[in-house]
>>> print(open('target-v3.tsv').read())   # TSV, C-alpha atoms and all ligand atoms
chain	number	residue	atom	x	y	z
A	1	MET	CA	101.62	88.92	93.61
A	2	LEU	CA	99.45	92.01	94.05
A	3	ILE	CA	99.61	94.73	91.41
A	4	LEU	CA	98.13	98.00	92.60
A	5	GLY	CA	96.96	100.45	89.95
A	6	LEU	CA	96.58	104.07	91.07
A	7	GLN	CA	94.11	105.52	88.57
A	8	GLY	CA	94.75	109.25	88.88
A	9	SER	CA	92.30	110.67	86.35
A	10	PRO	CA	88.93	111.99	87.46
A	11	ARG	CA	87.51	110.53	84.22
A	12	ARG	CA	86.41	107.02	85.04
A	13	SER	CA	86.43	105.71	81.51
A	14	GLY	CA	88.95	108.04	79.92
A	15	ASN	CA	92.40	107.50	78.49
A	16	THR	CA	94.32	106.79	81.69
A	17	ALA	CA	91.65	104.37	82.91
A	18	HIS	CA	91.77	102.51	79.60
A	19	LEU	CA	95.56	102.29	79.55
A	20	LEU	CA	95.66	101.08	83.15
A	21	SER	CA	92.94	98.51	82.57
A	22	ILE	CA	94.72	96.88	79.62
A	23	PHE	CA	97.93	96.89	81.69
A	24	LEU	CA	96.22	95.14	84.62
A	25	ASP	CA	94.41	92.69	82.29
A	26	GLU	CA	97.79	91.68	80.93
A	27	ALA	CA	99.22	91.40	84.48
A	28	ARG	CA	96.46	88.93	85.39
A	29	ARG	CA	97.62	86.73	82.52
A	30	TYR	CA	100.86	86.34	84.51
A	31	GLY	CA	98.87	85.09	87.50
A	32	ALA	CA	98.93	88.42	89.33
A	33	GLN	CA	96.13	89.68	91.54
A	34	THR	CA	95.22	93.27	90.68
A	35	HIS	CA	93.51	96.12	92.43
A	36	THR	CA	92.54	99.45	90.89
A	37	LEU	CA	92.31	102.41	93.22
A	38	GLU	CA	90.13	105.14	91.68
A	39	VAL	CA	91.97	107.94	93.45
A	40	ASP	CA	89.38	110.61	92.59
A	41	ARG	CA	86.65	108.53	94.29
A	42	LYS	CA	88.57	108.38	97.54
A	43	ASN	CA	88.61	110.81	100.41
A	44	ILE	CA	92.28	111.75	100.44
A	45	LEU	CA	93.14	115.10	101.95
A	46	PRO	CA	96.32	116.93	100.97
A	47	CYS	CA	99.25	116.95	103.38
A	48	LYS	CA	98.82	119.64	106.06
A	49	GLU	CA	102.47	119.61	107.04
A	50	TYR	CA	101.76	118.83	110.68
A	51	ILE	CA	105.08	116.91	110.65
A	52	VAL	CA	103.63	114.36	113.05
A	53	CYS	CA	104.74	111.61	110.66
A	54	GLU	CA	108.35	112.69	110.96
A	55	LYS	CA	108.19	112.82	114.75
A	56	LYS	CA	105.89	109.90	115.53
A	57	GLY	CA	105.73	107.84	112.35
A	58	TYR	CA	102.04	108.22	111.62
A	59	CYS	CA	99.74	110.79	110.00
A	60	PRO	CA	97.00	112.23	112.23
A	61	ILE	CA	94.65	112.97	109.30
A	62	LYS	CA	91.76	110.50	109.38
A	63	ASP	CA	90.69	109.66	105.84
A	64	ASP	CA	90.98	106.88	103.26
A	65	MET	CA	94.79	106.93	103.46
A	66	GLN	CA	94.44	105.48	106.97
A	67	THR	CA	91.58	103.11	106.31
A	68	GLU	CA	92.79	101.76	102.99
A	69	VAL	CA	95.62	103.31	101.02
A	70	TYR	CA	98.68	102.86	103.28
A	71	ALA	CA	97.77	99.17	103.66
A	72	LEU	CA	97.45	98.75	99.88
A	73	LEU	CA	100.79	100.48	99.23
A	74	ARG	CA	102.40	98.03	101.68
A	75	ALA	CA	100.65	94.93	100.34
A	76	ALA	CA	101.51	95.68	96.70
A	77	ASP	CA	104.30	93.88	94.87
A	78	ALA	CA	104.09	96.47	92.10
A	79	ILE	CA	102.57	99.94	92.04
A	80	ILE	CA	101.36	101.33	88.74
A	81	MET	CA	101.12	105.11	88.93
A	82	ALA	CA	98.73	106.18	86.17
A	83	SER	CA	97.77	109.77	85.42
A	84	PRO	CA	96.93	112.19	82.64
A	85	ILE	CA	99.17	115.22	82.50
A	86	PHE	CA	97.54	118.20	84.18
A	87	PHE	CA	99.86	121.22	83.88
A	88	TYR	CA	102.97	119.11	83.39
A	89	ASN	CA	102.42	116.79	86.32
A	90	VAL	CA	100.02	114.25	87.78
A	91	THR	CA	96.46	115.29	88.74
A	92	ALA	CA	95.92	117.05	92.06
A	93	GLN	CA	94.00	114.01	93.34
A	94	LEU	CA	96.97	111.70	92.78
A	95	LYS	CA	99.42	114.31	94.04
A	96	ALA	CA	97.54	114.42	97.36
A	97	LEU	CA	98.04	110.66	97.74
A	98	ILE	CA	101.70	111.00	96.80
A	99	ASP	CA	102.29	113.82	99.30
A	100	ARG	CA	100.67	111.75	102.03
A	101	SER	CA	103.14	108.94	101.34
A	102	GLN	CA	105.52	111.20	103.28
A	103	THR	CA	104.46	109.03	106.24
A	104	LEU	CA	106.11	106.03	104.57
A	105	TRP	CA	109.13	108.20	103.71
A	106	ALA	CA	109.40	109.16	107.39
A	107	ARG	CA	109.13	105.57	108.57
A	108	LYS	CA	111.91	104.63	106.16
A	109	TYR	CA	114.32	107.54	106.60
A	110	ARG	CA	113.58	108.98	110.05
A	111	PHE	CA	112.71	105.74	111.84
A	112	LYS	CA	115.00	103.49	109.75
A	113	LEU	CA	112.24	100.91	109.34
A	114	LYS	CA	112.33	98.44	106.49
A	115	ASP	CA	109.23	97.33	104.64
A	116	PRO	CA	109.25	93.52	104.08
A	117	ARG	CA	108.73	94.05	100.31
A	118	SER	CA	111.34	96.82	100.03
A	119	LYS	CA	113.83	94.75	98.04
A	120	THR	CA	111.38	93.47	95.48
A	121	ARG	CA	108.54	95.95	94.96
A	122	GLN	CA	108.43	97.51	91.49
A	123	GLY	CA	107.01	100.81	90.26
A	124	PHE	CA	105.75	101.68	86.80
A	125	VAL	CA	104.30	104.85	85.25
A	126	LEU	CA	101.49	105.22	82.71
A	127	SER	CA	100.73	108.70	81.46
A	128	VAL	CA	98.93	110.50	78.63
A	129	ALA	CA	98.80	114.11	77.50
A	130	ALA	CA	97.05	116.15	74.82
A	131	THR	CA	99.94	118.07	73.30
A	132	ARG	CA	103.32	117.17	71.81
A	133	GLY	CA	105.65	119.11	74.14
A	134	LYS	CA	109.16	117.74	74.40
A	135	ASN	CA	109.24	117.98	78.20
A	136	LEU	CA	105.65	116.85	78.77
A	137	PHE	CA	106.49	113.93	81.06
A	138	GLU	CA	109.48	115.33	82.94
A	139	GLY	CA	107.39	116.46	85.92
A	140	VAL	CA	105.69	113.06	86.24
A	141	ASP	CA	109.00	111.31	85.87
A	142	LEU	CA	110.62	113.20	88.75
A	143	THR	CA	107.55	112.87	90.94
A	144	ALA	CA	107.46	109.12	90.26
A	145	GLN	CA	111.14	108.77	91.06
A	146	TYR	CA	110.70	110.24	94.56
A	147	PHE	CA	107.29	108.66	95.20
A	148	PHE	CA	108.63	105.22	94.35
A	149	ASP	CA	111.58	105.78	96.64
A	150	ALA	CA	109.24	106.72	99.52
A	151	VAL	CA	107.05	103.65	99.01
A	152	ASP	CA	110.03	101.34	98.47
A	153	ALA	CA	109.48	100.51	94.82
A	154	GLN	CA	112.11	100.31	92.11
A	155	TYR	CA	111.22	102.49	89.15
A	156	ASN	CA	110.95	99.81	86.47
A	157	GLY	CA	109.78	101.87	83.49
A	158	ARG	CA	107.08	104.00	81.94
A	159	LEU	CA	104.71	104.18	78.99
A	160	THR	CA	103.76	107.71	77.97
A	161	TYR	CA	101.59	108.87	75.09
A	162	ARG	CA	101.38	112.31	73.48
A	163	GLN	CA	98.46	113.76	71.49
A	164	ILE	CA	95.87	111.88	73.51
A	165	GLU	CA	93.11	114.31	74.31
A	166	HIS	CA	89.53	113.14	73.87
A	167	ARG	CA	87.99	110.52	76.13
A	168	HIS	CA	88.46	107.51	73.83
A	169	ASP	CA	91.69	108.49	72.02
A	170	MET	CA	93.74	105.90	73.87
A	171	LYS	CA	91.48	103.05	72.73
A	172	HIS	CA	92.47	103.75	69.14
A	173	HIS	CA	96.19	104.06	69.72
A	174	PRO	CA	97.98	101.81	67.21
A	175	THR	CA	100.82	100.52	69.42
A	176	ALA	CA	99.43	100.69	72.96
A	177	ALA	CA	98.38	97.03	73.23
A	178	ALA	CA	101.77	95.77	72.04
A	179	ASP	CA	103.63	98.30	74.23
A	180	VAL	CA	101.69	97.14	77.29
A	181	LYS	CA	102.35	93.49	76.51
A	182	ALA	CA	106.10	94.08	76.31
A	183	ALA	CA	106.17	96.26	79.45
A	184	VAL	CA	104.21	93.78	81.56
A	185	LYS	CA	106.45	90.95	80.37
A	186	LYS	CA	109.55	92.87	81.47
A	187	LEU	CA	107.93	93.79	84.78
A	188	LEU	CA	106.42	90.44	85.75
A	189	SER	CA	108.16	87.58	83.98
A	190	PRO	CA	111.15	87.61	86.39
A	191	ARG	CA	108.64	87.14	89.23
A	192	ALA	CA	106.17	84.72	87.65
A	193	ASN	CA	108.11	81.64	88.74
A	194	ARG	CA	108.43	82.55	92.40
A	195	LYS	CA	107.30	79.77	94.73
A	196	LYS	CA	103.81	80.54	96.01
A	197	ILE	CA	103.62	80.07	99.77
A	198	LEU	CA	100.58	80.62	101.95
A	199	PHE	CA	100.89	80.98	105.71
A	200	VAL	CA	97.64	80.12	107.49
A	201	SER	CA	96.61	80.71	111.07
A	202	SER	CA	93.38	81.45	112.82
A	203	ALA	CA	93.61	85.25	113.32
A	204	ASP	CA	96.45	86.20	110.90
A	205	ALA	CA	97.41	88.85	113.44
A	206	CYS	CA	100.72	87.76	114.94
A	207	ARG	CA	103.00	84.81	114.10
A	208	ASN	CA	101.46	84.32	110.69
A	209	GLN	CA	102.18	87.95	109.81
A	210	MET	CA	105.74	87.61	111.10
A	211	ALA	CA	106.26	84.51	108.97
A	212	GLY	CA	104.98	86.21	105.81
A	213	ALA	CA	107.16	89.24	106.46
A	214	PHE	CA	110.35	87.22	107.08
A	215	ALA	CA	109.72	85.09	103.98
A	216	GLN	CA	109.23	88.20	101.88
A	217	LEU	CA	112.22	89.99	103.35
A	218	LEU	CA	114.64	87.06	103.21
A	219	ALA	CA	113.65	85.55	99.87
A	220	GLY	CA	111.11	87.82	98.21
A	221	ASP	CA	112.89	87.41	94.88
A	222	LYS	CA	112.18	83.66	94.96
A	223	ILE	CA	109.05	83.44	97.10
A	224	ASP	CA	105.61	84.95	96.72
A	225	ALA	CA	104.48	84.85	100.36
A	226	VAL	CA	100.90	85.55	101.35
A	227	THR	CA	99.17	85.21	104.72
A	228	GLY	CA	95.56	84.46	105.63
A	229	GLY	CA	93.44	83.59	108.63
A	230	SER	CA	90.45	81.29	108.97
A	231	GLN	CA	88.92	83.87	111.33
A	232	PRO	CA	90.92	87.02	110.60
A	233	ALA	CA	91.22	89.58	113.38
A	234	LYS	CA	90.29	93.21	112.72
A	235	SER	CA	93.91	94.33	113.01
A	236	ILE	CA	97.37	92.98	113.66
A	237	LEU	CA	98.58	92.70	117.25
A	238	PRO	CA	100.28	96.06	118.01
A	239	MET	CA	102.89	94.35	120.19
A	240	MET	CA	103.84	92.14	117.23
A	241	ALA	CA	104.57	95.30	115.22
A	242	ASP	CA	106.66	96.56	118.17
A	243	VAL	CA	108.86	93.46	118.34
A	244	MET	CA	109.30	93.41	114.56
A	245	ALA	CA	110.27	97.12	114.70
A	246	GLU	CA	113.04	96.11	117.12
A	247	LYS	CA	114.50	94.31	114.10
A	248	ASN	CA	113.77	97.38	111.94
A	249	ILE	CA	110.93	95.61	110.13
A	250	ASP	CA	107.87	97.75	109.53
A	251	MET	CA	104.56	95.94	109.99
A	252	ALA	CA	102.46	98.99	110.90
A	253	PHE	CA	100.17	98.95	107.88
A	254	TYR	CA	99.80	95.20	107.45
A	255	ARG	CA	96.31	93.77	107.80
A	256	PRO	CA	94.91	90.34	108.62
A	257	GLN	CA	93.20	88.79	105.60
A	258	SER	CA	90.65	86.06	105.19
A	259	VAL	CA	92.33	82.91	103.88
A	260	ASN	CA	89.26	82.14	101.77
A	261	ASP	CA	89.54	85.53	100.07
A	262	VAL	CA	93.25	84.93	99.50
A	263	ILE	CA	92.82	81.56	97.80
A	264	SER	CA	90.06	82.84	95.51
A	265	ASP	CA	92.78	84.14	93.17
A	266	PHE	CA	96.04	82.74	94.62
A	267	THR	CA	96.94	79.08	94.24
A	268	PRO	CA	99.72	78.24	96.70
A	269	GLU	CA	102.21	75.45	96.10
A	270	VAL	CA	103.10	75.21	99.79
A	271	VAL	CA	100.80	75.89	102.74
A	272	ILE	CA	102.32	76.44	106.17
A	273	ALA	CA	99.89	75.79	109.02
A	274	LEU	CA	100.61	77.79	112.16
A	275	ASP	CA	97.48	76.85	114.08
A	276	GLY	CA	97.11	73.30	112.86
A	277	LYS	CA	95.89	71.84	109.58
A	278	LYS	CA	92.26	72.24	110.65
A	279	GLU	CA	92.50	76.00	109.93
A	280	CYS	CA	93.68	75.40	106.35
A	281	PRO	CA	91.13	75.35	103.55
A	282	PRO	CA	91.49	72.56	100.98
A	283	VAL	CA	94.08	73.60	98.40
A	284	PRO	CA	94.40	70.95	95.69
A	285	GLY	CA	97.98	70.08	94.81
A	286	ALA	CA	99.60	72.07	97.61
A	287	THR	CA	102.05	70.57	100.10
A	288	ILE	CA	100.80	71.28	103.62
A	289	ILE	CA	103.41	71.64	106.35
A	290	ASP	CA	102.29	71.85	109.97
A	291	TRP	CA	104.76	73.95	111.94
A	292	ASP	CA	102.95	73.27	115.18
A	293	PRO	CA	104.67	76.13	117.02
A	294	PRO	CA	104.36	76.33	120.82
A	295	LYS	CA	101.00	77.75	121.91
A	296	ILE	CA	100.97	81.34	123.20
A	297	THR	CA	99.90	81.55	126.81
A	298	THR	CA	100.59	85.15	127.86
A	299	PRO	CA	101.39	87.44	124.93
A	300	ASN	CA	103.86	89.71	126.71
A	301	ILE	CA	106.81	91.39	125.04
A	302	GLU	CA	109.34	88.72	126.06
A	303	VAL	CA	107.14	85.92	124.73
A	304	LEU	CA	106.63	87.79	121.48
A	305	ARG	CA	110.37	88.37	121.07
A	306	SER	CA	111.14	84.69	121.43
A	307	MET	CA	108.25	83.85	119.11
A	308	ARG	CA	109.64	86.29	116.52
A	309	ASP	CA	113.07	84.68	116.69
A	310	ASP	CA	111.56	81.20	116.48
A	311	ILE	CA	109.52	82.18	113.40
A	312	GLU	CA	112.54	83.78	111.77
A	313	SER	CA	114.60	80.63	112.15
A	314	ARG	CA	111.72	78.45	110.88
A	315	VAL	CA	111.42	80.66	107.79
A	316	LYS	CA	115.19	80.38	107.20
A	317	GLN	CA	114.97	76.60	107.44
A	318	LEU	CA	111.99	76.58	105.09
A	319	ILE	CA	113.90	78.62	102.51
A	320	ASP	CA	116.88	76.24	102.78
A	321	ALA	CA	114.61	73.18	102.53
A	322	LEU	CA	112.82	74.51	99.46
A	323	ASP	CA	116.24	74.86	97.81
A	324	LEU	CA	115.07	77.71	95.58
B	401	LIG	C1	93.19	120.68	84.06
B	401	LIG	C2	93.85	120.06	82.87
B	401	LIG	C3	95.19	120.32	82.62
B	401	LIG	C4	95.82	119.76	81.53
B	401	LIG	N1	97.15	120.03	81.31
B	401	LIG	C5	97.76	119.51	80.24
B	401	LIG	C6	99.12	119.83	79.96
B	401	LIG	O1	99.80	120.55	80.70
B	401	LIG	N2	99.68	119.32	78.84
B	401	LIG	C7	98.99	118.50	77.99
B	401	LIG	O2	99.53	118.08	76.98
B	401	LIG	N3	97.70	118.16	78.25
B	401	LIG	C8	97.06	118.66	79.33
B	401	LIG	N4	95.76	118.33	79.59
B	401	LIG	C9	95.05	117.35	78.71
B	401	LIG	C10	94.97	115.92	79.28
B	401	LIG	O3	96.23	115.48	79.71
B	401	LIG	C11	94.45	114.97	78.21
B	401	LIG	O4	93.21	115.39	77.73
B	401	LIG	C12	94.36	113.52	78.65
B	401	LIG	O5	94.13	112.69	77.53
B	401	LIG	C13	93.22	113.28	79.64
B	401	LIG	O6	93.30	111.94	80.06
B	401	LIG	P1	92.10	111.18	80.83
B	401	LIG	O7	91.05	110.86	79.81
B	401	LIG	O8	92.72	109.97	81.39
B	401	LIG	O9	91.62	112.12	81.90
B	401	LIG	C14	95.10	118.90	80.66
B	401	LIG	C15	93.74	118.63	80.92
B	401	LIG	C16	93.12	119.20	82.00
B	401	LIG	C17	91.66	118.92	82.25
>>> encode(input="target-v3.tsv", output="structure tokens")
Amino acid sequence: MLILGLQGSPRRSGNTAHLLSIFLDEARRYGAQTHTLEVDRKNILPCKEYIVCEKKGYCPIKDDMQTEVYALLRAADAIIMASPIFFYNVTAQLKALIDRSQTLWARKYRFKLKDPRSKTRQGFVLSVAATRGKNLFEGVDLTAQYFFDAVDAQYNGRLTYRQIEHRHDMKHHPTAAADVKAAVKKLLSPRANRKKILFVSSADACRNQMAGAFAQLLAGDKIDAVTGGSQPAKSILPMMADVMAEKNIDMAFYRPQSVNDVISDFTPEVVIALDGKKECPPVPGATIIDWDPPKITTPNIEVLRSMRDDIESRVKQLIDALDL
């Protein structure tokens, strides 16, 4: 369960950063993996309205959105949008990231593609502002509503604080720690008991990715599915994304991961071996199941289609067998 925190303030140790860090600390107590994206430290250009994303499904601007951020938005089970109020909305740095999520909006609404985590991903807002204005958080609220829709997250809730101005004000807030505790409990406790399943292959570029995506899509409310490779490839197999897109499943921004990195903070209960048990690292207490799928000889489109259908039916059988 990956919780992605978007830290939208340019102040690295200011109020927003503090609020987000206590939120993510609490999330780790529920067994979540967390990642903080310091948005101001990233090279994220504003949208140039080239409209390529709406015609072709990708953004031609080469920056950290391409190298890092789209993949994180896809990998996240929850996205925490954290920002101080700057003129009644999020900071310009965070707004640039949000505007660039138009690519994900286009893939969803123009290309009718479904993200594997679309049914289960959650969104949450943290925000602070100096004054007491009644409508202080209305801009952030509306922006969050449409951002979360574009990135396929359900808007779960928000914590907002008025009269927070100087760098360390948030640290002294009397109710923040208790508020965060209650909010994280509401956000994560329904998901804490999901069965942790790790799919392992050599490259984590093709069948393994398909398996993780089907598990997430078909039973993401009951399964926390993660994939990893013993020798991860640099990128997923483009033809795999093509055959998944034929079933309206969007794999474009998924990335192979190292299985050793994955298990450093994820303890699976079930390990599915797609390239034999020899590729699986030792995971104490986990049940290892060797699927032993037919070896790929020529990875052409027909072969990949039948592989996709085979993996889908194996995942369905797995879900039935686990009796969740
Ligand atoms: C450019 C700028 C615009 C701001 N606009 C507002 C505003 O519209 N309303 C408000 O109450 N506070 C406003 N503030 C104050 C910040 O929201 C406040 O100081 C906040 O605590 C800063 O959080 P941080 O430490 O996470 O950066 C603004 C601050 C800056 C620098």
>>> residues_around(input="target-v3.tsv", residues="Ala27 of chain A", least_positions_apart="4", cutoff="8 Å", atoms="only C-alpha atoms", output="VMD selection string")
chain A and resid 3 23 31 to 34 184 188
>>> residues_near_ligand(input="target-v3.tsv", ligand="ligand LIG 401 (chain B)", cutoff="10 Å", atoms="only C-alpha atoms and all ligand atoms", output="ChimeraX atom specification")
/A:7-20,82-92,127-137,161-170
>>> residues_around(input="target-v3.tsv", residues="segment 243-255 of chain A", least_positions_apart="2", cutoff="10 Å", atoms="all atoms listed in the file", output="number ranges by chain")
A: 57-58, 66-75, 104, 107-108, 111-117, 204-205, 209-210, 213-214, 217, 227-228, 232-241, 257-258, 301-302, 304-309
>>> write_last_selection(input="target-v3.tsv", atoms="C-alpha atoms", output="short mmCIF file (atom, residue, chain, number, x, y, z; two decimals), in the coordinates of the input")
data_model
loop_
_atom_site.label_atom_id
_atom_site.label_comp_id
_atom_site.auth_asym_id
_atom_site.auth_seq_id
_atom_site.Cartn_x
_atom_site.Cartn_y
_atom_site.Cartn_z
CA GLY A 57 105.73 107.84 112.35
CA TYR A 58 102.04 108.22 111.62
CA GLN A 66 94.44 105.48 106.97
CA THR A 67 91.58 103.11 106.31
CA GLU A 68 92.79 101.76 102.99
CA VAL A 69 95.62 103.31 101.02
CA TYR A 70 98.68 102.86 103.28
CA ALA A 71 97.77 99.17 103.66
CA LEU A 72 97.45 98.75 99.88
CA LEU A 73 100.79 100.48 99.23
CA ARG A 74 102.40 98.03 101.68
CA ALA A 75 100.65 94.93 100.34
CA LEU A 104 106.11 106.03 104.57
CA ARG A 107 109.13 105.57 108.57
CA LYS A 108 111.91 104.63 106.16
CA PHE A 111 112.71 105.74 111.84
CA LYS A 112 115.00 103.49 109.75
CA LEU A 113 112.24 100.91 109.34
CA LYS A 114 112.33 98.44 106.49
CA ASP A 115 109.23 97.33 104.64
CA PRO A 116 109.25 93.52 104.08
CA ARG A 117 108.73 94.05 100.31
CA ASP A 204 96.45 86.20 110.90
CA ALA A 205 97.41 88.85 113.44
CA GLN A 209 102.18 87.95 109.81
CA MET A 210 105.74 87.61 111.10
CA ALA A 213 107.16 89.24 106.46
CA PHE A 214 110.35 87.22 107.08
CA LEU A 217 112.22 89.99 103.35
CA THR A 227 99.17 85.21 104.72
CA GLY A 228 95.56 84.46 105.63
CA PRO A 232 90.92 87.02 110.60
CA ALA A 233 91.22 89.58 113.38
CA LYS A 234 90.29 93.21 112.72
CA SER A 235 93.91 94.33 113.01
CA ILE A 236 97.37 92.98 113.66
CA LEU A 237 98.58 92.70 117.25
CA PRO A 238 100.28 96.06 118.01
CA MET A 239 102.89 94.35 120.19
CA MET A 240 103.84 92.14 117.23
CA ALA A 241 104.57 95.30 115.22
CA GLN A 257 93.20 88.79 105.60
CA SER A 258 90.65 86.06 105.19
CA ILE A 301 106.81 91.39 125.04
CA GLU A 302 109.34 88.72 126.06
CA LEU A 304 106.63 87.79 121.48
CA ARG A 305 110.37 88.37 121.07
CA SER A 306 111.14 84.69 121.43
CA MET A 307 108.25 83.85 119.11
CA ARG A 308 109.64 86.29 116.52
CA ASP A 309 113.07 84.68 116.69
#
>>> residues_around(input="target-v3.tsv", residues="Gln102 of chain A", least_positions_apart="6", cutoff="9 Å", atoms="all atoms listed in the file", output="PDB file with C-alpha atoms, keeping the file's coordinate frame")
ATOM      1  CA  CYS A  47      99.250 116.950 103.380  1.00  0.00           C
ATOM      2  CA  CYS A  53     104.740 111.610 110.660  1.00  0.00           C
ATOM      3  CA  GLU A  54     108.350 112.690 110.960  1.00  0.00           C
ATOM      4  CA  CYS A  59      99.740 110.790 110.000  1.00  0.00           C
ATOM      5  CA  PHE A 147     107.290 108.660  95.200  1.00  0.00           C
ATOM      6  CA  ALA A 150     109.240 106.720  99.520  1.00  0.00           C
ATOM      7  CA  VAL A 151     107.050 103.650  99.010  1.00  0.00           C
TER       8      VAL A 151
END
>>> residues_around(input="target-v3.tsv", residues="Val270 of chain A", least_positions_apart="4", cutoff="6 Å", atoms="all atoms listed in the file", output="JSON, numbers by chain")
{"A": [197, 286, 287, 288]}
>>> closest_residue(input="target-v3.tsv", among="A:Asp261, A:Glu269, A:Glu49, A:Glu38", to="Met81 of chain A", atoms="all atoms listed in the file")
A:Glu38
>>> closest_residue(input="target-v3.tsv", among="A:Pro293, A:Pro281, A:Gly276, A:Pro299", to="Ser313 of chain A", atoms="only C-alpha atoms")
A:Pro293
>>> closest_residue(input="target-v3.tsv", among="A:Glu26, A:Lys316, A:Gln216, A:Ser201", to="Ser118 of chain A", atoms="all atoms listed in the file")
A:Gln216
>>> residues_around(input="target-v3.tsv", residues="Leu37 of chain A", least_positions_apart="6", cutoff="8 Å", atoms="only C-alpha atoms", output="count of residues only")
4
>>> closest_residue(input="target-v3.tsv", among="A:Thr175, A:Ile22, A:Arg100, A:Ile296", to="Val52 of chain A", atoms="all atoms listed in the file")
A:Arg100
>>> atom_distance(input="target-v3.tsv", atom1="atom CA of Leu142 of chain A", atom2="atom CA of Ala106 of chain A")
19.1 Å
>>> atom_distance(input="target-v3.tsv", atom1="atom CA of Lys48 of chain A", atom2="atom CA of Gly139 of chain A")
22.1 Å
>>> atom_distance(input="target-v3.tsv", atom1="atom CA of Asp275 of chain A", atom2="atom CA of Asp290 of chain A")
8.1 Å
>>> closest_residue(input="target-v3.tsv", among="A:Ile51, A:Val262, A:Leu324, A:Ile79", to="Arg194 of chain A", atoms="only C-alpha atoms")
A:Leu324
>>> closest_residue(input="target-v3.tsv", among="A:Asp221, A:Ile311, A:Leu198, A:Thr298", to="Asn260 of chain A", atoms="all atoms listed in the file")
A:Leu198
